[in-house]
$ cat data00.txt   # compact mmCIF, C-alpha atoms and all ligand atoms
# COMPACT_ATOMS: atom_id res chain seq x y z
CA MET A 1 -3.68 -21.21 10.13
CA ILE A 2 -3.16 -18.49 12.72
CA VAL A 3 -2.65 -14.74 12.22
CA VAL A 4 0.07 -12.93 14.13
CA GLY A 5 -0.67 -9.21 14.16
CA GLY A 6 2.20 -6.77 14.42
CA SER A 7 1.54 -3.46 16.10
CA ALA A 8 1.73 -1.58 12.76
CA SER A 9 -1.08 -3.69 11.30
CA LYS A 10 -3.53 -4.42 14.11
CA SER A 11 -6.71 -3.57 12.29
CA LEU A 12 -5.70 -5.39 9.08
CA SER A 13 -4.64 -8.48 11.08
CA GLY A 14 -7.97 -8.56 12.89
CA GLU A 15 -9.92 -8.27 9.64
CA LEU A 16 -7.73 -10.94 8.02
CA ALA A 17 -8.34 -13.39 10.88
CA ARG A 18 -12.07 -12.66 10.65
CA GLN A 19 -12.14 -13.32 6.90
CA LEU A 20 -10.06 -16.49 7.22
CA GLY A 21 -12.16 -17.69 10.16
CA CYS A 22 -9.01 -18.31 12.21
CA LYS A 23 -7.57 -17.09 15.48
CA LEU A 24 -5.27 -14.19 16.21
CA ALA A 25 -2.18 -15.41 18.04
CA ASP A 26 -1.58 -14.47 21.64
CA VAL A 27 1.20 -11.89 21.18
CA GLU A 28 2.66 -9.45 23.65
CA ILE A 29 4.47 -6.51 22.11
CA LYS A 30 5.72 -3.59 24.14
CA ARG A 31 8.47 -1.00 24.23
CA PHE A 32 11.01 -0.68 27.03
CA PRO A 33 11.61 2.80 28.47
CA ASP A 34 14.52 3.18 26.03
CA GLU A 35 12.06 2.38 23.16
CA GLU A 36 13.64 -0.98 22.39
CA CYS A 37 11.05 -3.55 21.39
CA TYR A 38 9.93 -6.60 23.41
CA VAL A 39 8.02 -9.43 21.76
CA LYS A 40 6.53 -12.59 23.28
CA VAL A 41 4.62 -15.22 21.30
CA GLN A 42 3.40 -18.54 22.65
CA GLY A 43 1.63 -21.70 21.61
CA LEU A 44 1.90 -21.88 17.82
CA GLY A 45 2.88 -25.57 17.82
CA GLY A 46 2.51 -27.01 14.33
CA GLN A 47 0.38 -24.16 12.94
CA ASP A 48 0.85 -22.20 9.73
CA ALA A 49 1.52 -18.68 10.96
CA VAL A 50 0.77 -15.54 8.97
CA ILE A 51 2.61 -12.52 10.36
CA VAL A 52 1.16 -9.19 9.26
CA GLN A 53 3.32 -6.14 9.79
CA SER A 54 3.95 -3.00 7.74
CA THR A 55 7.60 -2.00 7.80
CA TYR A 56 7.07 1.70 8.43
CA PRO A 57 8.23 3.63 10.32
CA ASP A 58 11.62 2.09 11.13
CA PRO A 59 10.83 0.67 14.62
CA ASN A 60 8.27 -1.62 12.99
CA ILE A 61 11.04 -3.27 10.97
CA VAL A 62 12.85 -4.37 14.13
CA GLU A 63 9.54 -5.54 15.58
CA LEU A 64 8.98 -7.70 12.50
CA PHE A 65 12.42 -9.31 12.83
CA LEU A 66 11.66 -10.15 16.46
CA LEU A 67 8.21 -11.49 15.56
CA GLN A 68 9.59 -13.77 12.87
CA GLU A 69 12.11 -15.33 15.28
CA ALA A 70 9.62 -15.60 18.14
CA VAL A 71 7.02 -17.21 15.89
CA ARG A 72 9.57 -19.78 14.71
CA ASP A 73 10.60 -20.48 18.33
CA ALA A 74 6.93 -20.85 19.33
CA GLY A 75 6.73 -23.87 17.04
CA ALA A 76 5.03 -22.58 13.87
CA ALA A 77 5.14 -25.14 11.07
CA THR A 78 5.44 -22.48 8.37
CA ILE A 79 5.72 -18.69 8.41
CA THR A 80 4.21 -16.39 5.82
CA THR A 81 5.18 -12.77 6.26
CA VAL A 82 2.71 -10.25 4.89
CA VAL A 83 4.27 -6.80 4.48
CA PRO A 84 1.23 -4.61 3.73
CA TYR A 85 3.23 -1.39 3.32
CA TYR A 86 6.81 -2.06 2.40
CA GLY A 87 9.00 0.72 3.74
CA TYR A 88 11.97 1.76 1.58
CA ALA A 89 10.30 0.47 -1.59
CA ARG A 90 10.90 3.74 -3.41
CA GLN A 91 14.71 3.56 -3.12
CA ASP A 92 14.58 0.80 -5.72
CA LYS A 93 17.89 1.54 -7.42
CA SER A 94 21.13 3.36 -6.93
CA PHE A 95 20.27 6.81 -8.29
CA ASN A 96 23.80 8.09 -7.52
CA ASP A 97 27.11 6.31 -7.00
CA GLY A 98 27.44 4.75 -3.58
CA GLU A 99 23.75 4.76 -2.66
CA ALA A 100 22.34 1.75 -0.83
CA VAL A 101 19.51 0.11 -2.76
CA SER A 102 17.29 0.06 0.29
CA ALA A 103 14.38 -1.88 -1.24
CA LEU A 104 16.65 -4.81 -2.09
CA ILE A 105 18.40 -4.76 1.27
CA MET A 106 15.03 -4.93 3.04
CA ALA A 107 14.06 -7.91 0.87
CA LYS A 108 17.27 -9.74 1.72
CA HIS A 109 16.69 -9.38 5.46
CA LEU A 110 12.90 -9.76 5.64
CA GLY A 111 13.05 -12.99 3.66
CA GLN A 112 15.47 -14.60 6.10
CA GLY A 113 12.92 -15.06 8.87
CA CYS A 114 10.13 -16.81 6.99
CA ASP A 115 9.14 -19.28 4.30
CA ARG A 116 7.34 -16.92 1.93
CA VAL A 117 6.36 -13.27 1.64
CA PHE A 118 3.35 -11.32 0.36
CA THR A 119 3.63 -7.63 -0.42
CA ILE A 120 0.77 -5.39 -1.51
CA ASP A 121 1.06 -2.90 -4.38
CA ILE A 122 4.78 -2.58 -3.83
CA HIS A 123 6.06 0.51 -5.61
CA ASN A 124 8.34 -1.38 -8.01
CA PRO A 125 7.77 -5.15 -8.13
CA SER A 126 11.18 -5.69 -9.74
CA VAL A 127 12.78 -5.38 -6.26
CA LEU A 128 11.12 -8.67 -5.30
CA VAL A 129 14.13 -10.45 -6.86
CA GLY A 130 15.88 -9.51 -3.59
CA PHE A 131 13.91 -12.18 -1.69
CA ALA A 132 15.50 -15.60 -1.34
CA VAL A 133 12.10 -17.13 -0.50
CA PRO A 134 8.96 -17.27 -2.69
CA VAL A 135 7.26 -13.87 -2.87
CA GLN A 136 4.03 -12.58 -4.39
CA ASN A 137 2.94 -9.00 -4.84
CA LEU A 138 -0.82 -8.68 -4.30
CA SER A 139 -2.94 -5.76 -5.36
CA ALA A 140 -5.61 -3.81 -3.53
CA MET A 141 -6.64 -2.12 -6.80
CA PRO A 142 -9.63 -4.46 -7.39
CA ILE A 143 -10.81 -3.75 -3.83
CA ILE A 144 -10.42 -0.01 -4.44
CA GLY A 145 -12.27 -0.45 -7.76
CA ASN A 146 -15.19 -2.14 -5.95
CA TRP A 147 -15.41 0.76 -3.51
CA LEU A 148 -15.33 3.27 -6.37
CA LYS A 149 -18.12 1.37 -8.14
CA GLU A 150 -20.28 1.51 -5.02
CA ASN A 151 -19.57 5.23 -4.87
CA ASP A 152 -20.66 5.89 -8.45
CA VAL A 153 -17.34 6.84 -10.00
CA ASP A 154 -17.48 7.42 -13.78
CA VAL A 155 -13.80 7.41 -14.72
CA ILE A 156 -10.57 6.14 -13.11
CA VAL A 157 -7.21 7.68 -13.97
CA SER A 158 -3.62 7.05 -12.95
CA PRO A 159 -1.30 10.01 -12.33
CA ASP A 160 0.99 8.99 -15.21
CA GLU A 161 1.43 6.44 -17.96
CA GLY A 162 3.91 4.40 -15.88
CA SER A 163 1.20 3.57 -13.35
CA LYS A 164 -1.62 2.93 -15.82
CA ASP A 165 -1.84 -0.79 -14.92
CA ARG A 166 -3.19 0.20 -11.51
CA ALA A 167 -5.95 2.34 -13.06
CA SER A 168 -6.78 -0.49 -15.42
CA LEU A 169 -7.03 -3.05 -12.57
CA ALA A 170 -9.25 -0.77 -10.49
CA ALA A 171 -11.42 0.08 -13.51
CA GLU A 172 -11.93 -3.59 -14.34
CA ALA A 173 -13.49 -4.06 -10.90
CA ALA A 174 -15.39 -0.77 -11.09
CA GLN A 175 -16.60 -1.55 -14.63
CA CYS A 176 -15.86 1.94 -15.84
CA PRO A 177 -13.48 3.56 -18.35
CA TRP A 178 -9.90 4.36 -17.36
CA ASP A 179 -7.12 6.58 -18.63
CA PHE A 180 -3.84 8.09 -17.50
CA LEU A 181 -2.96 11.72 -16.92
CA GLN A 182 -0.60 13.33 -19.35
CA LYS A 183 1.48 16.43 -18.70
CA THR A 184 1.82 18.91 -21.55
CA ARG A 185 3.98 22.03 -21.23
CA LEU A 186 1.92 24.90 -22.68
CA ASP A 187 4.58 27.59 -22.14
CA GLY A 188 7.50 28.37 -19.84
CA GLU A 189 5.18 28.80 -16.88
CA THR A 190 2.23 26.52 -17.52
CA VAL A 191 1.86 22.75 -17.49
CA GLU A 192 -1.48 21.19 -18.36
CA ILE A 193 -2.36 17.84 -16.79
CA LYS A 194 -5.32 16.03 -18.33
CA PRO A 195 -6.45 12.52 -19.20
CA LYS A 196 -4.86 11.41 -22.46
CA ASN A 197 -8.11 10.36 -24.11
CA LEU A 198 -11.16 10.94 -21.91
CA ASP A 199 -13.22 14.07 -21.33
CA VAL A 200 -13.97 14.58 -17.62
CA ARG A 201 -16.66 17.26 -17.97
CA GLY A 202 -19.51 16.52 -15.57
CA LYS A 203 -17.89 13.25 -14.50
CA SER A 204 -16.96 11.79 -11.13
CA VAL A 205 -13.25 11.05 -11.50
CA ALA A 206 -11.02 8.95 -9.24
CA ILE A 207 -7.24 9.24 -9.34
CA VAL A 208 -5.66 6.01 -8.11
CA ASP A 209 -2.06 5.55 -7.02
CA ASP A 210 0.02 3.14 -4.97
CA ILE A 211 1.21 5.73 -2.45
CA ILE A 212 0.16 9.21 -1.45
CA ALA A 213 3.06 10.85 0.40
CA THR A 214 3.21 14.65 0.25
CA GLY A 215 0.08 14.62 -1.90
CA GLY A 216 1.80 16.90 -4.42
CA THR A 217 1.17 14.56 -7.37
CA MET A 218 -2.51 14.17 -6.51
CA ILE A 219 -3.34 17.76 -5.57
CA THR A 220 -1.93 19.26 -8.77
CA ALA A 221 -3.94 16.75 -10.80
CA ALA A 222 -7.15 17.34 -8.82
CA ASN A 223 -7.04 21.09 -9.33
CA GLN A 224 -6.62 20.68 -13.07
CA LEU A 225 -9.37 18.05 -13.37
CA LYS A 226 -11.76 20.43 -11.61
CA GLU A 227 -10.78 23.21 -14.03
CA GLN A 228 -11.54 20.78 -16.85
CA GLY A 229 -15.07 20.37 -15.49
CA ALA A 230 -14.94 17.21 -13.35
CA SER A 231 -17.96 17.30 -11.04
CA ASN A 232 -16.37 15.21 -8.29
CA VAL A 233 -12.75 14.20 -7.70
CA ILE A 234 -11.69 11.29 -5.50
CA ALA A 235 -8.15 10.44 -4.37
CA ALA A 236 -7.71 6.70 -3.80
CA CYS A 237 -4.52 4.90 -2.88
CA THR A 238 -3.37 1.66 -1.36
CA HIS A 239 -0.85 3.21 1.01
CA GLY A 240 -1.78 6.46 2.75
CA LEU A 241 1.66 7.56 3.85
CA PHE A 242 0.60 11.22 4.13
CA THR A 243 3.90 12.80 5.00
CA GLY A 244 4.15 16.36 6.26
CA GLY A 245 0.51 16.43 7.39
CA SER A 246 -0.83 16.21 3.85
CA ILE A 247 -4.34 14.96 4.75
CA PRO A 248 -5.90 18.44 5.28
CA LYS A 249 -4.37 19.69 2.01
CA LEU A 250 -5.70 16.65 0.18
CA GLU A 251 -9.11 17.02 1.78
CA ALA A 252 -9.23 20.63 0.61
CA ALA A 253 -8.40 19.65 -2.98
CA PHE A 254 -10.55 16.50 -3.23
CA ASP A 255 -14.17 15.69 -2.54
CA THR A 256 -13.09 12.38 -1.00
CA VAL A 257 -9.75 10.87 0.06
CA ILE A 258 -9.57 7.12 0.69
CA SER A 259 -6.82 4.63 1.39
CA THR A 260 -6.62 1.02 2.54
CA ASP A 261 -5.53 -0.25 5.93
CA THR A 262 -1.98 -1.20 4.85
CA LEU A 263 -1.24 1.94 6.85
CA GLU A 264 -3.84 2.69 9.50
CA ARG A 265 -5.12 6.20 8.88
CA SER A 266 -8.33 8.21 9.26
CA THR A 267 -8.79 7.68 5.49
CA SER A 268 -8.54 3.86 5.70
CA LYS A 269 -12.09 3.19 4.53
CA ILE A 270 -11.17 -0.02 2.70
CA SER A 271 -9.46 -3.16 3.98
CA ALA A 272 -6.78 -4.90 1.93
CA ALA A 273 -7.58 -8.13 3.82
CA LYS A 274 -9.53 -9.65 0.93
CA ALA A 275 -6.44 -9.63 -1.30
CA ILE A 276 -4.45 -11.49 1.37
CA THR A 277 -7.31 -13.91 2.13
CA GLU A 278 -7.62 -14.83 -1.54
CA ALA A 279 -3.87 -15.39 -1.85
CA LEU A 280 -3.73 -17.54 1.28
CA GLU A 281 -6.71 -19.63 0.19
CA SER A 282 -5.54 -20.16 -3.38
C1 LIG B 301 5.60 7.65 -7.38
O1 LIG B 301 6.13 7.11 -8.32
C2 LIG B 301 4.48 7.02 -6.61
O2 LIG B 301 3.74 6.12 -7.37
C3 LIG B 301 3.58 8.10 -6.06
O3 LIG B 301 2.98 8.77 -7.16
C4 LIG B 301 4.36 9.08 -5.25
O4 LIG B 301 5.10 8.39 -4.28
C5 LIG B 301 3.44 10.07 -4.59
O5 LIG B 301 4.22 11.00 -3.89
P1 LIG B 301 3.65 12.40 -3.46
O6 LIG B 301 2.35 12.16 -2.77
O7 LIG B 301 4.72 12.96 -2.57
O8 LIG B 301 3.46 13.21 -4.71
$ encode --input "data00.txt" --output "C-alpha cells"
Amino acid sequence: MIVVGGSASKSLSGELARQLGCKLADVEIKRFPDEECYVKVQGLGGQDAVIVQSTYPDPNIVELFLLQEAVRDAGAATITTVVPYYGYARQDKSFNDGEAVSALIMAKHLGQGCDRVFTIDIHNPSVLVGFAVPVQNLSAMPIIGNWLKENDVDVIVSPDEGSKDRASLAAEAAQCPWDFLQKTRLDGETVEIKPKNLDVRGKSVAIVDDIIATGGTMITAANQLKEQGASNVIAACTHGLFTGGSIPKLEAAFDTVISTDTLERSTSKISAAKAITEALES
C-alpha cells in the first residue's frame, strides 16, 4: 500500500503513512501562475494507492481529479480515495426548485476516478448513494472521545437531537454520560438551550459536532451551559471549517476548542488517521 497525499491533507497523509508503516508517494503538485493545478505522480506500479485529499476549498477538488487520473496512469493496482472533509456535503437536497444537489453531484464525479471511497463524519451519510463505487463513512468521534477522556471531560452533548449519535459514539470511547441539547422558547425574546436530561453544574462539558463553521451553534450553547453552572466547556468537532474567522470568537466562549486534521487548522489537536488505518486494515 502507498499513500498519496494531496496538498489539502498533507499532515493527515503523513500520519496515515506512519500508522500504516508504508511510504508516501513521490508526488509533485504545484500551481501555474494562472492558479491552474499541475500534478505529477510516478512509480506506483502494481501498488494499492490511497489518495487522501479534502475537497475544500474548490481548487482542491480539481487537484483530486488530477491526482486520481495521474495515480491510475502511474500504474496503481487499486485506488482508494479518502475524502477527509467532503466539501458541499451540506447541500444534501434541493431545498428550493431548481437547486443543484451538490453533495450528490460531488459523489458522482469523485467516484469516477477510483475503486472505492472513504469519507469521515460526512454531514448526511444518505448522500453516499451518489457514489457508483463502494463507499464507507468513517467516524472520528471515538478518537475525539478518547481525547476527551484523557482531558477529564464529565459529560458529552450534541447540539441537537438529530446529531445525538455522534455524542453517543464519542461518549462510548470517553466512558462518560452523554445527552443532547434541547431548545425551549421561554418567551418571545428568550430561548433556553440545555441538556435534555443531565445537570451540568460543576461539570466539564464537551459539545461535539461534525462541523464548526461560523461557530454560531456552538457559541450560543456554550454561553448557556456556563450560565447553567458548567465549570469547563470544550468545543470538539471533526471538521474545523471556521468560516468568517470564527476561531477567536470560539476561543472566547470556550475553555478549549479542538478539531481533527481533516482540515488542517491551529485547533487540529487530534488526527483522524486512526479511523482510516483501521478501515484500511480491516
Ligand atoms: C449542522 O447541521 C451541522 O451539523 C453543524 O451544526 C453546523 O454546520 C454548524 O454551523 P455553524 O458553526 O455555522 O453554526
$ closest_residue --input "data00.txt" --among "A:Leu280, A:Ala275, A:Ile212, A:Met1" --to "ligand LIG 301 (chain B)" --atoms "all atoms listed in the file"
A:Ile212
$ residues_around --input "data00.txt" --residues "Ala49 (chain A)" --least-positions-apart "2" --cutoff "9 Å" --atoms "only C-alpha atoms" --output "JSON, numbers by chain"
{"A": [1, 2, 3, 4, 25, 44, 47, 51, 71, 72, 76, 77, 78, 79, 80, 81]}
$ residues_around --input "data00.txt" --residues "region 118-121 of chain A" --least-positions-apart "4" --cutoff "10 Å" --atoms "all atoms listed in the file" --output "PyMOL selection string"
chain A and resi 50+52+54+80-86+125+128+134-141+166+209-211+237-239+262+272+275-276+279-280
$ residues_near_ligand --input "data00.txt" --ligand "ligand LIG 301 (chain B)" --cutoff "9 Å" --atoms "all atoms listed in the file" --output "ChimeraX atom specification"
/A:90,123-124,158-160,162-163,209-219,240-243,246
$ residues_around --input "data00.txt" --residues "Val191 (chain A)" --least-positions-apart "4" --cutoff "12 Å" --atoms "all atoms listed in the file" --output "number ranges by chain"
A: 182-187, 220-221, 224
$ atom_distance --input "data00.txt" --atom1 "CA of Ser13 (chain A)" --atom2 "CA of Gly111 (chain A)"
19.7 Å
$ residues_around --input "data00.txt" --residues "Thr277 (chain A)" --least-positions-apart "3" --cutoff "8 Å" --atoms "all atoms listed in the file" --output "VMD selection string"
chain A and resid 16 19 to 20 273 to 274 280 to 281
$ write_last_selection --input "data00.txt" --atoms "C-alpha atoms" --output "PDB file, keeping the file's coordinate frame"
ATOM      1  CA  LEU A  16      -7.730 -10.940   8.020  1.00  0.00           C
ATOM      2  CA  GLN A  19     -12.140 -13.320   6.900  1.00  0.00           C
ATOM      3  CA  LEU A  20     -10.060 -16.490   7.220  1.00  0.00           C
ATOM      4  CA  ALA A 273      -7.580  -8.130   3.820  1.00  0.00           C
ATOM      5  CA  LYS A 274      -9.530  -9.650   0.930  1.00  0.00           C
ATOM      6  CA  LEU A 280      -3.730 -17.540   1.280  1.00  0.00           C
ATOM      7  CA  GLU A 281      -6.710 -19.630   0.190  1.00  0.00           C
TER       8      GLU A 281
END
$ residues_around --input "data00.txt" --residues "Asp165 (chain A)" --least-positions-apart "3" --cutoff "10 Å" --atoms "all atoms listed in the file" --output "ChimeraX atom specification"
/A:141,158,161-162,168-171,178-180
$ write_last_selection --input "data00.txt" --atoms "C-alpha atoms" --output "JSON list (two decimals), keeping the file's coordinate frame"
[["chain", "number", "residue", "atom", "x", "y", "z"],
["A", 141, "MET", "CA", -6.64, -2.12, -6.80],
["A", 158, "SER", "CA", -3.62, 7.05, -12.95],
["A", 161, "GLU", "CA", 1.43, 6.44, -17.96],
["A", 162, "GLY", "CA", 3.91, 4.40, -15.88],
["A", 168, "SER", "CA", -6.78, -0.49, -15.42],
["A", 169, "LEU", "CA", -7.03, -3.05, -12.57],
["A", 170, "ALA", "CA", -9.25, -0.77, -10.49],
["A", 171, "ALA", "CA", -11.42, 0.08, -13.51],
["A", 178, "TRP", "CA", -9.90, 4.36, -17.36],
["A", 179, "ASP", "CA", -7.12, 6.58, -18.63],
["A", 180, "PHE", "CA", -3.84, 8.09, -17.50]]
$ closest_residue --input "data00.txt" --among "A:Ala103, A:Leu64, A:Val157, A:Cys114" --to "Ala206 (chain A)" --atoms "only C-alpha atoms"
A:Val157
$ atom_distance --input "data00.txt" --atom1 "CA of Pro142 (chain A)" --atom2 "CA of Ala173 (chain A)"
5.2 Å
$ closest_residue --input "data00.txt" --among "A:Val155, A:Leu250, A:Ile143, A:Ala89" --to "Val200 (chain A)" --atoms "only C-alpha atoms"
A:Val155
$ closest_residue --input "data00.txt" --among "A:Gly43, A:Gly87, A:Gly21, A:Pro57" --to "Ile122 (chain A)" --atoms "all atoms listed in the file"
A:Gly87
$ atom_distance --input "data00.txt" --atom1 "CA of Leu24 (chain A)" --atom2 "CA of Cys37 (chain A)"
20.2 Å
$ closest_residue --input "data00.txt" --among "A:Leu104, A:Ile234, A:Ala167, A:Leu67" --to "Lys40 (chain A)" --atoms "all atoms listed in the file"
A:Leu67
$ closest_residue --input "data00.txt" --among "A:Trp147, A:Gln68, A:Gly46, A:Gln53" --to "Lys10 (chain A)" --atoms "only C-alpha atoms"
A:Gln53
$ closest_atom_pairs --input "data00.txt" --of "region 97-187 of chain A" --to "region 202-205 of chain A" --cutoff "7 Å" --atoms "only C-alpha atoms" --output "CSV"
residue,atom,partner,partner_atom,distance
A:Val153,CA,A:Ser204,CA,5.1
A:Asp154,CA,A:Ser204,CA,5.1
A:Val155,CA,A:Val205,CA,4.9
A:Ile156,CA,A:Val205,CA,5.8
$ residues_near_point --input "data00.txt" --point "(-4.4, 11.6, 8.8)" --cutoff "6 Å" --atoms "only C-alpha atoms" --output "ChimeraX atom specification"
/A:247,265-266
$ decode --input "data00.txt" --residues "region 75-88 of chain A" --atoms "N, CA, C and O atoms" --output "PDB file, in the first residue's frame"
ATOM      1  N   GLY A  75       0.247   3.524 -12.726  1.00  0.00           N
ATOM      2  CA  GLY A  75       0.257   2.059 -12.611  1.00  0.00           C
ATOM      3  C   GLY A  75      -0.304   1.484 -11.336  1.00  0.00           C
ATOM      4  O   GLY A  75      -0.097   0.289 -11.049  1.00  0.00           O
ATOM      5  N   ALA A  76      -1.032   2.292 -10.528  1.00  0.00           N
ATOM      6  CA  ALA A  76      -1.603   1.742  -9.288  1.00  0.00           C
ATOM      7  C   ALA A  76      -2.532   0.574  -9.615  1.00  0.00           C
ATOM      8  O   ALA A  76      -3.281   0.625 -10.591  1.00  0.00           O
ATOM      9  N   ALA A  77      -2.479  -0.449  -8.753  1.00  0.00           N
ATOM     10  CA  ALA A  77      -3.354  -1.610  -8.967  1.00  0.00           C
ATOM     11  C   ALA A  77      -4.781  -1.245  -8.579  1.00  0.00           C
ATOM     12  O   ALA A  77      -5.736  -1.579  -9.290  1.00  0.00           O
ATOM     13  N   THR A  78      -4.924  -0.597  -7.435  1.00  0.00           N
ATOM     14  CA  THR A  78      -6.252  -0.144  -6.987  1.00  0.00           C
ATOM     15  C   THR A  78      -6.106   1.278  -6.437  1.00  0.00           C
ATOM     16  O   THR A  78      -5.016   1.675  -5.995  1.00  0.00           O
ATOM     17  N   ILE A  79      -7.205   2.000  -6.459  1.00  0.00           N
ATOM     18  CA  ILE A  79      -7.189   3.365  -5.891  1.00  0.00           C
ATOM     19  C   ILE A  79      -8.320   3.504  -4.875  1.00  0.00           C
ATOM     20  O   ILE A  79      -9.504   3.302  -5.206  1.00  0.00           O
ATOM     21  N   THR A  80      -7.924   3.831  -3.650  1.00  0.00           N
ATOM     22  CA  THR A  80      -8.914   4.213  -2.628  1.00  0.00           C
ATOM     23  C   THR A  80      -8.799   5.719  -2.476  1.00  0.00           C
ATOM     24  O   THR A  80      -7.693   6.242  -2.286  1.00  0.00           O
ATOM     25  N   THR A  81      -9.911   6.407  -2.574  1.00  0.00           N
ATOM     26  CA  THR A  81      -9.886   7.853  -2.335  1.00  0.00           C
ATOM     27  C   THR A  81     -10.455   8.131  -0.949  1.00  0.00           C
ATOM     28  O   THR A  81     -11.600   7.763  -0.660  1.00  0.00           O
ATOM     29  N   VAL A  82      -9.653   8.758  -0.111  1.00  0.00           N
ATOM     30  CA  VAL A  82     -10.140   9.182   1.202  1.00  0.00           C
ATOM     31  C   VAL A  82     -10.436  10.670   1.104  1.00  0.00           C
ATOM     32  O   VAL A  82      -9.546  11.460   0.771  1.00  0.00           O
ATOM     33  N   VAL A  83     -11.695  11.032   1.373  1.00  0.00           N
ATOM     34  CA  VAL A  83     -12.079  12.448   1.359  1.00  0.00           C
ATOM     35  C   VAL A  83     -12.327  12.849   2.817  1.00  0.00           C
ATOM     36  O   VAL A  83     -13.440  12.705   3.335  1.00  0.00           O
ATOM     37  N   PRO A  84     -11.293  13.338   3.503  1.00  0.00           N
ATOM     38  CA  PRO A  84     -11.448  13.605   4.943  1.00  0.00           C
ATOM     39  C   PRO A  84     -12.549  14.639   5.226  1.00  0.00           C
ATOM     40  O   PRO A  84     -13.458  14.373   6.017  1.00  0.00           O
ATOM     41  N   TYR A  85     -12.478  15.790   4.590  1.00  0.00           N
ATOM     42  CA  TYR A  85     -13.594  16.749   4.673  1.00  0.00           C
ATOM     43  C   TYR A  85     -14.213  16.838   3.288  1.00  0.00           C
ATOM     44  O   TYR A  85     -13.529  17.183   2.315  1.00  0.00           O
ATOM     45  N   TYR A  86     -15.479  16.544   3.238  1.00  0.00           N
ATOM     46  CA  TYR A  86     -16.191  16.446   1.968  1.00  0.00           C
ATOM     47  C   TYR A  86     -16.913  17.774   1.722  1.00  0.00           C
ATOM     48  O   TYR A  86     -17.958  18.052   2.332  1.00  0.00           O
ATOM     49  N   GLY A  87     -16.316  18.591   0.873  1.00  0.00           N
ATOM     50  CA  GLY A  87     -16.947  19.881   0.556  1.00  0.00           C
ATOM     51  C   GLY A  87     -18.299  19.676  -0.117  1.00  0.00           C
ATOM     52  O   GLY A  87     -18.497  18.677  -0.798  1.00  0.00           O
ATOM     53  N   TYR A  88     -19.203  20.592   0.113  1.00  0.00           N
ATOM     54  CA  TYR A  88     -20.562  20.566  -0.454  1.00  0.00           C
ATOM     55  C   TYR A  88     -21.495  19.559   0.207  1.00  0.00           C
ATOM     56  O   TYR A  88     -22.621  19.362  -0.256  1.00  0.00           O
TER      57      TYR A  88
END
